[in-house]
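Raw entry_3.txt, compact mmCIF, C-alpha atoms and all ligand atoms:
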# COMPACT_ATOMS: atom_id res chain seq x y z
CA MET A 290 104.64 161.65 -47.37
CA LYS A 291 104.25 161.80 -51.14
CA ILE A 292 102.78 165.12 -52.24
CA ILE A 293 102.14 166.44 -55.74
CA LEU A 294 101.79 170.06 -56.80
CA THR A 295 101.11 171.05 -60.36
CA GLY A 296 99.07 173.62 -62.23
CA ASP A 297 98.27 175.61 -65.32
CA ARG A 298 97.95 179.24 -66.25
CA PRO A 299 94.33 180.26 -66.92
CA THR A 300 95.34 181.99 -70.15
CA GLY A 301 93.05 179.86 -72.30
CA LYS A 302 91.50 176.45 -72.58
CA LEU A 303 93.73 173.42 -72.13
CA HIS A 304 94.99 171.56 -75.17
CA LEU A 305 96.44 168.22 -76.27
CA GLY A 306 99.94 169.36 -75.22
CA HIS A 307 98.69 169.74 -71.65
CA PHE A 308 96.99 166.39 -71.93
CA VAL A 309 100.08 164.35 -72.86
CA GLY A 310 102.54 166.62 -71.04
CA SER A 311 100.83 166.62 -67.70
CA LEU A 312 97.06 166.01 -67.38
CA ARG A 313 97.09 162.34 -68.40
CA GLU A 314 99.91 161.68 -65.93
CA ARG A 315 98.10 163.54 -63.15
CA VAL A 316 95.01 161.40 -63.55
CA ARG A 317 97.11 158.25 -63.54
CA LEU A 318 98.97 159.34 -60.38
CA GLN A 319 95.72 160.39 -58.73
CA ASN A 320 94.18 156.99 -59.36
CA SER A 321 97.32 155.05 -58.39
CA GLY A 322 96.55 155.71 -54.74
CA GLU A 323 100.27 156.18 -54.10
CA PHE A 324 100.03 159.82 -53.11
CA ASP A 325 99.04 161.31 -49.79
CA LYS A 326 98.01 164.64 -51.28
CA ILE A 327 97.57 166.09 -54.75
CA PHE A 328 97.30 169.86 -55.23
CA ILE A 329 96.31 171.24 -58.63
CA MET A 330 96.40 174.98 -59.10
CA ALA A 331 94.86 177.45 -61.50
CA ALA A 332 97.83 179.84 -61.61
CA ASP A 333 95.87 183.05 -62.14
CA ALA A 334 98.42 185.31 -60.41
CA GLN A 335 101.06 183.94 -62.76
CA ALA A 336 98.78 184.48 -65.74
CA LEU A 337 98.43 188.13 -64.67
CA THR A 338 102.22 188.63 -64.89
CA ASP A 339 101.82 188.87 -68.66
CA HIS A 340 98.07 189.55 -68.87
CA ALA A 341 97.71 192.40 -66.36
CA GLY A 342 95.38 194.28 -68.69
CA THR A 343 92.86 191.47 -69.19
CA PRO A 344 91.79 190.20 -65.76
CA ALA A 345 88.27 189.37 -66.99
CA ALA A 346 89.69 186.86 -69.46
CA VAL A 347 91.83 185.32 -66.73
CA ARG A 348 88.73 184.98 -64.56
CA GLU A 349 86.76 183.33 -67.35
CA ASN A 350 89.63 180.94 -68.05
CA ILE A 351 89.73 179.76 -64.44
CA LEU A 352 86.35 178.19 -65.13
CA ASN A 353 87.57 176.80 -68.46
CA VAL A 354 90.65 175.25 -66.90
CA ALA A 355 88.62 173.79 -64.02
CA LEU A 356 86.20 172.28 -66.53
CA ASP A 357 89.16 170.83 -68.41
CA TYR A 358 90.48 169.29 -65.19
CA LEU A 359 87.17 167.72 -64.29
CA SER A 360 86.57 166.47 -67.82
CA VAL A 361 89.90 164.64 -68.10
CA GLY A 362 89.13 162.85 -64.84
CA ILE A 363 90.65 164.91 -62.04
CA ASP A 364 88.46 163.94 -59.12
CA PRO A 365 87.90 166.65 -56.48
CA LYS A 366 87.49 163.90 -53.87
CA LYS A 367 91.03 162.74 -54.52
CA SER A 368 92.76 165.95 -55.67
CA THR A 369 92.59 169.48 -54.27
CA ILE A 370 91.92 171.99 -57.04
CA PHE A 371 92.54 175.60 -55.97
CA ILE A 372 93.06 179.18 -57.16
CA GLN A 373 96.53 180.66 -56.65
CA SER A 374 95.56 184.32 -56.07
CA GLN A 375 93.32 183.39 -53.14
CA ILE A 376 96.24 182.13 -51.07
CA PRO A 377 98.14 185.19 -49.77
CA GLU A 378 100.71 182.92 -48.07
CA LEU A 379 102.13 182.17 -51.53
CA PHE A 380 103.00 185.83 -52.02
CA GLU A 381 104.65 186.09 -48.62
CA LEU A 382 106.82 183.10 -49.43
CA THR A 383 107.70 184.66 -52.81
CA ALA A 384 108.86 187.84 -51.09
CA TYR A 385 111.32 185.95 -48.88
CA TYR A 386 112.54 183.74 -51.71
CA LEU A 387 113.28 186.78 -53.89
CA ASN A 388 116.04 187.69 -51.45
CA VAL A 389 118.00 184.55 -52.25
CA VAL A 390 117.77 184.85 -56.05
CA THR A 391 119.86 187.15 -58.22
CA VAL A 392 118.52 189.20 -61.11
CA SER A 393 121.11 187.67 -63.45
CA ARG A 394 119.94 184.17 -62.44
CA LEU A 395 116.39 185.13 -63.40
CA GLU A 396 117.56 186.54 -66.72
CA ARG A 397 119.34 183.28 -67.55
CA ASN A 398 116.21 181.09 -67.37
CA PRO A 399 115.91 179.62 -70.91
CA THR A 400 112.11 179.14 -70.82
CA VAL A 401 111.54 182.69 -69.62
CA LYS A 402 114.02 184.01 -72.22
CA ASN A 403 112.12 182.18 -74.94
CA GLU A 404 108.77 183.51 -73.72
CA ILE A 405 110.12 187.06 -73.54
CA ALA A 406 111.20 186.78 -77.19
CA GLN A 407 107.80 185.32 -78.21
CA LYS A 408 105.89 188.07 -76.44
CA ASN A 409 108.05 190.85 -77.94
CA PHE A 410 108.59 192.33 -74.50
CA GLU A 411 112.07 193.51 -75.51
CA SER A 412 113.08 196.03 -72.85
CA SER A 413 109.63 196.35 -71.26
CA ILE A 414 109.56 193.06 -69.37
CA PRO A 415 107.17 193.23 -66.41
CA ALA A 416 109.20 192.59 -63.24
CA GLY A 417 106.51 190.16 -62.11
CA PHE A 418 106.98 188.16 -65.27
CA LEU A 419 110.74 187.89 -64.85
CA CYS A 420 110.17 186.74 -61.27
CA TYR A 421 107.44 184.19 -61.95
CA PRO A 422 109.84 181.24 -61.50
CA VAL A 423 110.30 182.43 -57.91
CA SER A 424 106.56 182.55 -57.35
CA GLN A 425 106.45 179.05 -58.79
CA ALA A 426 109.00 177.98 -56.18
CA ALA A 427 106.60 179.34 -53.57
CA ASP A 428 103.69 177.39 -55.09
CA ILE A 429 105.62 174.14 -54.99
CA THR A 430 107.20 174.49 -51.56
CA ALA A 431 104.05 175.85 -49.87
CA PHE A 432 102.58 172.37 -50.09
CA ASP A 433 105.75 170.42 -49.22
CA ALA A 434 105.43 168.90 -52.68
CA ASN A 435 108.11 166.40 -53.58
CA ILE A 436 106.78 165.44 -57.03
CA VAL A 437 105.92 167.92 -59.77
CA PRO A 438 104.49 166.33 -62.96
CA VAL A 439 104.97 168.84 -65.79
CA GLY A 440 106.15 169.25 -69.38
CA GLU A 441 109.74 169.82 -70.40
CA ASP A 442 109.51 173.64 -70.53
CA GLN A 443 109.23 173.52 -66.75
CA THR A 444 112.67 171.97 -66.18
CA PRO A 445 114.37 175.35 -65.52
CA MET A 446 111.60 176.26 -63.05
CA LEU A 447 112.20 173.10 -61.07
CA GLU A 448 115.95 173.74 -61.07
CA GLN A 449 115.33 177.25 -59.79
CA THR A 450 113.01 175.91 -57.09
CA ARG A 451 115.59 173.38 -55.94
CA GLU A 452 118.24 176.10 -55.72
CA ILE A 453 115.94 178.24 -53.59
CA VAL A 454 115.11 175.32 -51.31
CA ARG A 455 118.79 174.55 -50.77
CA LYS A 456 119.63 178.18 -50.10
CA ILE A 457 116.77 178.67 -47.64
CA ASN A 458 117.61 175.43 -45.84
CA GLU A 459 121.24 176.45 -45.68
CA LEU A 460 120.35 179.82 -44.15
CA TYR A 461 117.51 178.86 -41.81
CA GLY A 462 117.73 175.10 -41.22
CA GLU A 463 115.81 172.25 -42.89
CA VAL A 464 112.48 174.04 -43.46
CA LEU A 465 111.63 173.30 -47.08
CA VAL A 466 111.15 170.08 -49.04
CA GLU A 467 113.22 169.70 -52.23
CA PRO A 468 110.97 168.63 -55.12
CA GLU A 469 111.65 166.35 -58.09
CA ILE A 470 110.35 166.95 -61.59
CA LEU A 471 108.31 164.15 -63.19
CA LEU A 472 108.45 164.29 -66.98
CA PRO A 473 106.35 162.06 -69.27
CA LYS A 474 108.15 158.82 -70.14
CA ASN A 475 107.40 159.23 -73.84
CA LYS A 476 109.90 161.86 -75.08
CA ILE A 477 107.43 163.34 -77.58
CA CYS A 478 104.94 164.04 -74.82
CA CYS A 479 107.43 166.23 -72.94
CA ARG A 480 106.98 168.90 -75.58
CA LEU A 481 104.18 168.26 -78.06
CA PRO A 482 104.54 170.48 -81.16
CA GLY A 483 101.66 172.60 -82.45
CA VAL A 484 99.53 171.59 -85.47
CA ASP A 485 101.79 173.83 -87.59
CA GLY A 486 104.77 171.63 -86.68
CA LYS A 487 106.81 174.56 -85.43
CA ALA A 488 107.03 175.50 -81.77
CA LYS A 489 105.44 173.62 -78.86
CA MET A 490 101.67 173.58 -78.80
CA SER A 491 100.86 176.65 -76.74
CA LYS A 492 97.80 178.74 -75.94
CA THR A 493 99.81 181.85 -76.71
CA LEU A 494 100.78 180.67 -80.20
CA GLY A 495 97.30 179.55 -81.26
CA ASN A 496 98.54 176.26 -82.77
CA CYS A 497 96.41 174.05 -80.55
CA ILE A 498 93.80 171.34 -80.58
CA TYR A 499 91.78 172.06 -77.47
CA LEU A 500 90.29 169.39 -75.24
CA SER A 501 87.00 171.25 -75.65
CA ASP A 502 87.07 171.43 -79.47
CA ASP A 503 84.09 169.71 -81.07
CA SER A 504 84.53 166.84 -83.56
CA LYS A 505 84.11 169.11 -86.57
CA THR A 506 86.82 171.54 -85.40
CA VAL A 507 89.23 168.71 -84.61
CA ALA A 508 88.62 167.17 -88.06
CA GLU A 509 89.38 170.52 -89.69
CA LYS A 510 92.56 171.03 -87.70
CA VAL A 511 93.76 167.51 -88.53
CA ARG A 512 92.95 168.06 -92.20
CA GLU A 513 95.12 171.20 -92.26
CA MET A 514 97.92 169.68 -90.23
CA TYR A 515 101.49 170.09 -91.44
CA THR A 516 102.93 166.92 -93.02
CA ASP A 517 105.76 166.46 -95.50
CA PRO A 518 105.79 169.24 -98.12
CA LEU A 519 107.81 167.01 -100.47
CA HIS A 520 105.22 164.23 -100.37
CA ILE A 521 103.10 165.38 -103.30
CA LYS A 522 101.85 162.26 -105.06
CA VAL A 523 100.64 159.31 -102.97
CA SER A 524 103.28 157.14 -104.62
CA ASP A 525 106.13 159.50 -103.55
CA PRO A 526 108.29 158.31 -100.66
CA GLY A 527 107.41 160.48 -97.64
CA HIS A 528 109.33 161.78 -94.63
CA ILE A 529 108.16 161.18 -91.09
CA GLU A 530 110.71 163.47 -89.39
CA GLY A 531 109.00 166.73 -88.51
CA ASN A 532 105.72 165.33 -89.89
CA VAL A 533 103.29 166.30 -87.15
CA VAL A 534 100.72 163.68 -88.07
CA PHE A 535 103.20 160.93 -87.21
CA THR A 536 104.44 162.82 -84.17
CA TYR A 537 100.86 162.87 -82.87
CA LEU A 538 100.40 159.18 -83.65
CA ASP A 539 103.50 158.48 -81.56
CA ALA A 540 102.07 160.59 -78.73
CA PHE A 541 98.47 159.35 -78.78
CA CYS A 542 98.15 155.94 -80.46
CA GLU A 543 98.43 152.94 -78.15
CA ASP A 544 98.74 150.56 -81.09
CA LYS A 545 102.47 151.06 -81.74
CA LYS A 546 102.61 148.19 -84.24
CA THR A 547 100.13 149.81 -86.63
CA VAL A 548 101.97 153.14 -86.33
CA GLU A 549 105.28 151.48 -87.21
CA GLU A 550 103.71 149.78 -90.22
CA MET A 551 102.21 153.05 -91.42
CA LYS A 552 105.53 154.85 -91.00
CA GLU A 553 107.27 152.24 -93.08
CA HIS A 554 104.60 152.34 -95.79
CA TYR A 555 104.67 156.14 -95.88
CA GLN A 556 108.45 156.24 -96.25
CA ARG A 557 108.34 153.61 -98.96
CA GLY A 558 105.66 155.53 -100.87
CA GLY A 559 102.07 154.57 -101.60
CA LEU A 560 100.42 155.82 -98.40
CA GLY A 561 98.59 159.13 -98.73
CA ASP A 562 98.34 161.89 -96.13
CA VAL A 563 94.54 161.70 -96.20
CA LYS A 564 94.59 158.08 -94.98
CA VAL A 565 97.10 158.77 -92.20
CA LYS A 566 95.12 161.80 -91.07
CA LYS A 567 91.90 159.81 -91.05
CA PHE A 568 93.53 157.28 -88.75
CA LEU A 569 94.91 160.02 -86.47
CA LEU A 570 91.47 161.61 -86.25
CA GLU A 571 89.99 158.29 -85.11
CA VAL A 572 92.69 157.95 -82.46
CA LEU A 573 92.12 161.50 -81.19
CA GLU A 574 88.35 161.20 -81.18
CA GLU A 575 88.56 158.07 -79.08
CA ILE A 576 90.45 160.08 -76.46
CA LEU A 577 88.37 163.23 -76.76
CA ASN A 578 84.88 161.71 -76.71
CA PRO A 579 84.85 160.60 -73.06
CA ILE A 580 86.39 163.99 -72.14
CA ARG A 581 83.56 165.78 -73.97
CA GLU A 582 80.95 163.66 -72.22
CA ARG A 583 82.29 164.48 -68.76
CA ARG A 584 82.61 168.15 -69.70
CA ALA A 585 78.95 168.25 -70.69
CA GLU A 586 77.97 167.08 -67.19
CA TYR A 587 79.75 170.01 -65.51
CA GLU A 588 79.33 172.68 -68.16
CA ASN A 589 75.71 173.33 -67.28
CA ASN A 590 76.54 173.61 -63.64
CA PRO A 591 79.18 176.32 -63.17
CA GLU A 592 78.05 176.91 -59.55
CA GLU A 593 79.17 173.42 -58.68
CA VAL A 594 82.55 174.00 -60.32
CA TRP A 595 83.06 177.26 -58.38
CA LYS A 596 82.12 175.41 -55.20
CA ILE A 597 84.76 172.73 -55.90
CA LEU A 598 87.31 175.53 -56.39
CA GLU A 599 86.26 177.31 -53.22
CA GLU A 600 86.52 174.20 -51.08
CA GLY A 601 89.83 173.24 -52.67
CA THR A 602 91.21 176.72 -52.03
CA LEU A 603 90.27 176.52 -48.33
CA THR A 604 92.05 173.18 -47.97
CA ALA A 605 95.10 174.41 -49.86
CA ARG A 606 95.33 177.59 -47.80
CA GLU A 607 95.46 175.60 -44.58
CA LYS A 608 98.51 173.69 -45.79
CA ALA A 609 100.26 176.79 -47.18
CA SER A 610 99.85 178.72 -43.92
CA GLU A 611 101.39 175.83 -42.01
CA VAL A 612 104.49 175.94 -44.22
CA LEU A 613 104.71 179.74 -44.08
CA ALA A 614 104.53 179.65 -40.26
CA ARG A 615 107.32 177.09 -40.24
CA LEU A 616 109.53 179.32 -42.40
CA LYS A 617 108.81 182.48 -40.42
CA HIS A 618 109.65 180.64 -37.23
CA ALA A 619 112.92 179.46 -38.73
CA MET A 620 113.65 183.02 -39.89
CA LYS A 621 112.89 184.31 -36.39
CA ILE A 622 110.21 186.68 -37.65
CA ASP A 623 107.37 185.11 -35.68
CA TYR A 624 107.23 188.00 -33.19
CA PHE A 625 103.69 187.74 -31.85
CA LYS A 626 103.01 184.00 -31.64
P1 LIG A 701 100.94 179.87 -72.13
O1 LIG A 701 101.13 180.01 -73.60
O2 LIG A 701 99.97 180.83 -71.52
O3 LIG A 701 102.24 179.80 -71.37
P2 LIG A 701 100.86 177.01 -72.23
O4 LIG A 701 100.09 176.41 -73.35
O5 LIG A 701 102.36 177.04 -72.30
O6 LIG A 701 100.25 178.45 -71.97
P3 LIG A 701 100.98 176.48 -69.40
O7 LIG A 701 99.81 176.78 -68.54
O8 LIG A 701 102.14 177.44 -69.41
O9 LIG A 701 100.46 176.25 -70.90
O10 LIG A 701 101.58 175.03 -69.03
C1 LIG A 701 100.93 174.14 -68.14
C2 LIG A 701 101.57 172.78 -68.13
O11 LIG A 701 101.43 172.13 -69.37
C3 LIG A 701 103.08 172.77 -67.84
O12 LIG A 701 103.38 171.65 -67.06
C4 LIG A 701 103.69 172.63 -69.21
O13 LIG A 701 104.96 172.03 -69.15
C5 LIG A 701 102.69 171.71 -69.90
N1 LIG A 701 102.68 171.96 -71.34
C6 LIG A 701 102.27 173.08 -71.97
N2 LIG A 701 102.39 172.96 -73.30
C7 LIG A 701 102.88 171.70 -73.53
C8 LIG A 701 103.22 170.95 -74.71
N3 LIG A 701 103.08 171.47 -75.92
N4 LIG A 701 103.69 169.68 -74.56
C9 LIG A 701 103.84 169.14 -73.33
N5 LIG A 701 103.54 169.79 -72.19
C10 LIG A 701 103.07 171.06 -72.27
MG MG A 702 103.51 178.18 -70.74
Full structure transcribed into structure tokens:
Amino acid sequence: MKIILTGDRPTGKLHLGHFVGSLRERVRLQNSGEFDKIFIMAADAQALTDHAGTPAAVRENILNVALDYLSVGIDPKKSTIFIQSQIPELFELTAYYLNVVTVSRLERNPTVKNEIAQKNFESSIPAGFLCYPVSQAADITAFDANIVPVGEDQTPMLEQTREIVRKINELYGEVLVEPEILLPKNKICCRLPGVDGKAKMSKTLGNCIYLSDDSKTVAEKVREMYTDPLHIKVSDPGHIEGNVVFTYLDAFCEDKKTVEEMKEHYQRGGLGDVKVKKFLLEVLEEILNPIRERRAEYENNPEEVWKILEEGTLTAREKASEVLARLKHAMKIDYFK
């Protein structure tokens, strides 16, 4: 069996980083026909670990994320889209997994460390937040997933999951499936930077181009994009390292030859930022237009989207309860069968 589990936090709309880091790959895998099951999760319970005070926003973003999924081409006939919080089995699994993880192991997770610093949690880190990699292990293993297509920031989560799987299997017999991470082949797509050229594009940092941005907004964001501060006159030789416009061309443009020629011209001098940005905008619009069209079909019909989520959640829950029963049996805590 080849099973995929992947998901996103409903903390905002999805952006180009999600697209190249994971969404594009999911659609490709979905349409390859090579997978027996594909589970895609709106991780609302995980979103609440650092957004406990704003549940209404999380709720609203479930719809946004689902619309993003459908508009990039996730097909509910081929993939099961579901809502994490509606599957209590995931929280039972988390509780048992927490017993095989140490607090110091959780504190060592580099992605979580980074997020704690970004969020200025300092000494008031919600316990749920520190433990979210364990809940992620539950999400992955509850579906017997062996492939997890995600961006690079998820590498420590997959490592943690694999450790938990090994530990549980060692203690209770071969109950859980050990998953593999699937990173994008193009290095840049593993961690797309934000339009400011600094950290990774992230909902939390507000440096995003969203899949749902209209043409005018995208044009504005591209116009303001960070380039090479030393490239003042068009005739000046420019730098492409750290120049987000070229980074995005590498991530999004299929025509590698043209990109290479532009890079060379830019470095030699004589190619202006305005021209490169115009080209990037064309490339992005070609990707975003079909996404916008599909979004428009669903946007006026939120009931249908909720129905897709409800049906997906029912299907997902069936699978998760099977795996939980298997674990409880192995742990000898299936008293009343
Ligand atoms: P938040 O700021 O709330 O954490 P986020 O923008 O980091 O939001 P997530 O929901 O945490 O998004 O991530 C969902 C998936 O998208 C993960 O697989 C993650 O690796 C991938 N991803 C997120 N941002 C990027 C990026 N800039 N480049 C590549 N992949 C990304
Ligand atoms: Mg994140």
Open item on the list: Ranking A:Thr300, A:Gly486, A:Thr430, A:Leu356 by minimum distance to A:Asn589 and counting all atoms listed in the file, which one comes first?
Closed with: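 Comparing A:Thr300, A:Gly486, A:Thr430, A:Leu356 against A:Asn589, the winner is A:Leu356.
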Task: Contacts of A:Ser393 within 12 Å, all atoms listed in the file, excl. fewer than 5 positions in-chain, as a PyMOL selection string - done: chain A and resi 398+402+419-420
- [ ] Could you check how far atom CA of A:Ser491 sits from atom CA of A:Ala426, in Å to one decimal?
- [x] 22.2 Å
Task: Selection near A:Ser311, 9 Å with only C-alpha atoms, sequence-local residues under 5 positions removed, as a PyMOL selection string - done: chain A and resi 295+306+316+438-440+472-473+478-479
Task: Contacts with ligand MG 702 (chain A) at most 8 Å, only C-alpha atoms and all ligand atoms counted, listed as number ranges by chain - done: A: 297-298, 442, 491-493
- [ ] May I have the residues within 12 Å of A:Lys522 as an MDAnalysis selection string, using all atoms listed in the file and disregarding those fewer than 5 positions away in the same chain?
- [x] chainID A and resid 517 527 555 558:563
Selection to disk with C-alpha atoms, as a tab-separated table (two decimals), in the coordinates of the input:
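Wrote it out as again10.tsv, contents follow:
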chain	number	residue	atom	x	y	z
A	517	ASP	CA	105.76	166.46	-95.50
A	527	GLY	CA	107.41	160.48	-97.64
A	555	TYR	CA	104.67	156.14	-95.88
A	558	GLY	CA	105.66	155.53	-100.87
A	559	GLY	CA	102.07	154.57	-101.60
A	560	LEU	CA	100.42	155.82	-98.40
A	561	GLY	CA	98.59	159.13	-98.73
A	562	ASP	CA	98.34	161.89	-96.13
A	563	VAL	CA	94.54	161.70	-96.20
- [ ] Write out as a list of chain:residue names which residues come within 8 Å of stretch 370-381 of chain A when counting all atoms listed in the file, dropping same-chain ones fewer than 5 positions away.
- [x]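 Counting only the stated atoms, we get A:Phe328, A:Ile329, A:Met330, A:Ala331, A:Ala332, A:Asp333, A:Ala334, A:Ala355, A:Pro365, A:Ser424, A:Ala427, A:Asp428, A:Ala431, A:Ile597, A:Leu598, A:Glu599, A:Glu600, A:Gly601, A:Thr602, A:Ala605, A:Arg606, A:Ala609, A:Ser610, A:Leu613.
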Task: Residue with smallest distance to A:Leu500 - pool A:Glu574, A:Asp623, A:Glu593, A:Glu513, counting all atoms listed in the file - done: A:Glu574
- [ ] For atom CA of A:Lys552 and atom CA of A:His528, determine how far apart the two atoms are, in Å to one decimal place.
- [x]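 Pair atom CA of A:Lys552 / atom CA of A:His528 returns 8.7 Å.
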What are the centre and edge lengths in Å, to one decimal, of the axis-aligned box around all listed atoms of stretch 291-297 of chain A with 5 Å added on each side, as lines of an AutoDock Vina configuration file?
center_x = 101.3
center_y = 168.7
center_z = -58.2
size_x = 16.0
size_y = 23.8
size_z = 24.2
TODO: Fewer than 6 positions away in the same chain doesn't count, so skip those; otherwise give me all residues within 12 Å of A:Glu396, counting all atoms listed in the file, as a VMD selection string.
DONE: chain A and resid 390 402 to 405 414 416 418 to 422 445 449
Task: Among the residues A:Thr383, A:Asn475, A:Asn320, A:Thr391, the one that comes closest to ligand LIG 701 (chain A) [using all atoms listed in the file] - done: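 Of A:Thr383, A:Asn475, A:Asn320, A:Thr391, the one nearest ligand LIG 701 (chain A), counting all atoms listed in the file, is A:Asn475.
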- [ ] Have a look at atom CA of A:Leu382 and atom CA of A:Ile429 and let me know their distance in Å, one decimal.
- [x]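 Those two atoms sit 10.6 Å apart.
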Open item on the list: Taking all atoms listed in the file into account, name the residue in A:Val484, A:Leu494, A:Ala434, A:Leu337 that is nearest to ligand LIG 701 (chain A).
Closed with: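 Among the listed residues, A:Leu494 lies closest to ligand LIG 701 (chain A).
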Any chance you could model N, CA, C and O atoms for stretch 516-529 of chain A and send them as a PDB file, in the coordinates of the input?
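Output below, filename out25.pdb:
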ATOM      1  N   THR A 516     102.371 168.270 -92.842  1.00  0.00           N
ATOM      2  CA  THR A 516     102.930 166.920 -93.020  1.00  0.00           C
ATOM      3  C   THR A 516     104.317 167.019 -93.665  1.00  0.00           C
ATOM      4  O   THR A 516     105.175 167.690 -93.126  1.00  0.00           O
ATOM      5  N   ASP A 517     104.479 166.379 -94.799  1.00  0.00           N
ATOM      6  CA  ASP A 517     105.760 166.460 -95.500  1.00  0.00           C
ATOM      7  C   ASP A 517     105.523 167.207 -96.803  1.00  0.00           C
ATOM      8  O   ASP A 517     104.870 166.693 -97.705  1.00  0.00           O
ATOM      9  N   PRO A 518     106.064 168.423 -96.918  1.00  0.00           N
ATOM     10  CA  PRO A 518     105.790 169.240 -98.120  1.00  0.00           C
ATOM     11  C   PRO A 518     106.325 168.604 -99.405  1.00  0.00           C
ATOM     12  O   PRO A 518     105.893 168.976-100.492  1.00  0.00           O
ATOM     13  N   LEU A 519     107.243 167.644 -99.278  1.00  0.00           N
ATOM     14  CA  LEU A 519     107.810 167.010-100.470  1.00  0.00           C
ATOM     15  C   LEU A 519     106.994 165.793-100.922  1.00  0.00           C
ATOM     16  O   LEU A 519     107.238 165.207-101.968  1.00  0.00           O
ATOM     17  N   HIS A 520     106.047 165.403-100.076  1.00  0.00           N
ATOM     18  CA  HIS A 520     105.220 164.230-100.370  1.00  0.00           C
ATOM     19  C   HIS A 520     104.000 164.712-101.159  1.00  0.00           C
ATOM     20  O   HIS A 520     102.971 165.049-100.576  1.00  0.00           O
ATOM     21  N   ILE A 521     104.149 164.763-102.481  1.00  0.00           N
ATOM     22  CA  ILE A 521     103.100 165.380-103.300  1.00  0.00           C
ATOM     23  C   ILE A 521     102.142 164.331-103.855  1.00  0.00           C
ATOM     24  O   ILE A 521     100.941 164.384-103.624  1.00  0.00           O
ATOM     25  N   LYS A 522     102.688 163.364-104.570  1.00  0.00           N
ATOM     26  CA  LYS A 522     101.850 162.260-105.060  1.00  0.00           C
ATOM     27  C   LYS A 522     101.853 161.138-104.019  1.00  0.00           C
ATOM     28  O   LYS A 522     102.860 160.942-103.318  1.00  0.00           O
ATOM     29  N   VAL A 523     100.742 160.408-103.950  1.00  0.00           N
ATOM     30  CA  VAL A 523     100.640 159.310-102.970  1.00  0.00           C
ATOM     31  C   VAL A 523     101.810 158.337-103.134  1.00  0.00           C
ATOM     32  O   VAL A 523     102.370 157.834-102.159  1.00  0.00           O
ATOM     33  N   SER A 524     102.213 158.126-104.361  1.00  0.00           N
ATOM     34  CA  SER A 524     103.280 157.140-104.620  1.00  0.00           C
ATOM     35  C   SER A 524     104.673 157.636-104.216  1.00  0.00           C
ATOM     36  O   SER A 524     105.605 156.853-104.119  1.00  0.00           O
ATOM     37  N   ASP A 525     104.817 158.969-103.960  1.00  0.00           N
ATOM     38  CA  ASP A 525     106.130 159.500-103.550  1.00  0.00           C
ATOM     39  C   ASP A 525     106.536 158.937-102.190  1.00  0.00           C
ATOM     40  O   ASP A 525     105.691 158.807-101.304  1.00  0.00           O
ATOM     41  N   PRO A 526     107.850 158.662-102.014  1.00  0.00           N
ATOM     42  CA  PRO A 526     108.290 158.310-100.660  1.00  0.00           C
ATOM     43  C   PRO A 526     108.138 159.538 -99.754  1.00  0.00           C
ATOM     44  O   PRO A 526     108.465 160.649-100.171  1.00  0.00           O
ATOM     45  N   GLY A 527     107.634 159.338 -98.543  1.00  0.00           N
ATOM     46  CA  GLY A 527     107.410 160.480 -97.640  1.00  0.00           C
ATOM     47  C   GLY A 527     108.386 160.492 -96.480  1.00  0.00           C
ATOM     48  O   GLY A 527     109.065 159.506 -96.207  1.00  0.00           O
ATOM     49  N   HIS A 528     108.467 161.645 -95.816  1.00  0.00           N
ATOM     50  CA  HIS A 528     109.330 161.780 -94.630  1.00  0.00           C
ATOM     51  C   HIS A 528     108.462 161.825 -93.375  1.00  0.00           C
ATOM     52  O   HIS A 528     107.431 162.491 -93.357  1.00  0.00           O
ATOM     53  N   ILE A 529     108.932 161.148 -92.342  1.00  0.00           N
ATOM     54  CA  ILE A 529     108.160 161.180 -91.090  1.00  0.00           C
ATOM     55  C   ILE A 529     108.791 162.130 -90.062  1.00  0.00           C
ATOM     56  O   ILE A 529     108.159 162.525 -89.109  1.00  0.00           O
TER      57      ILE A 529
END
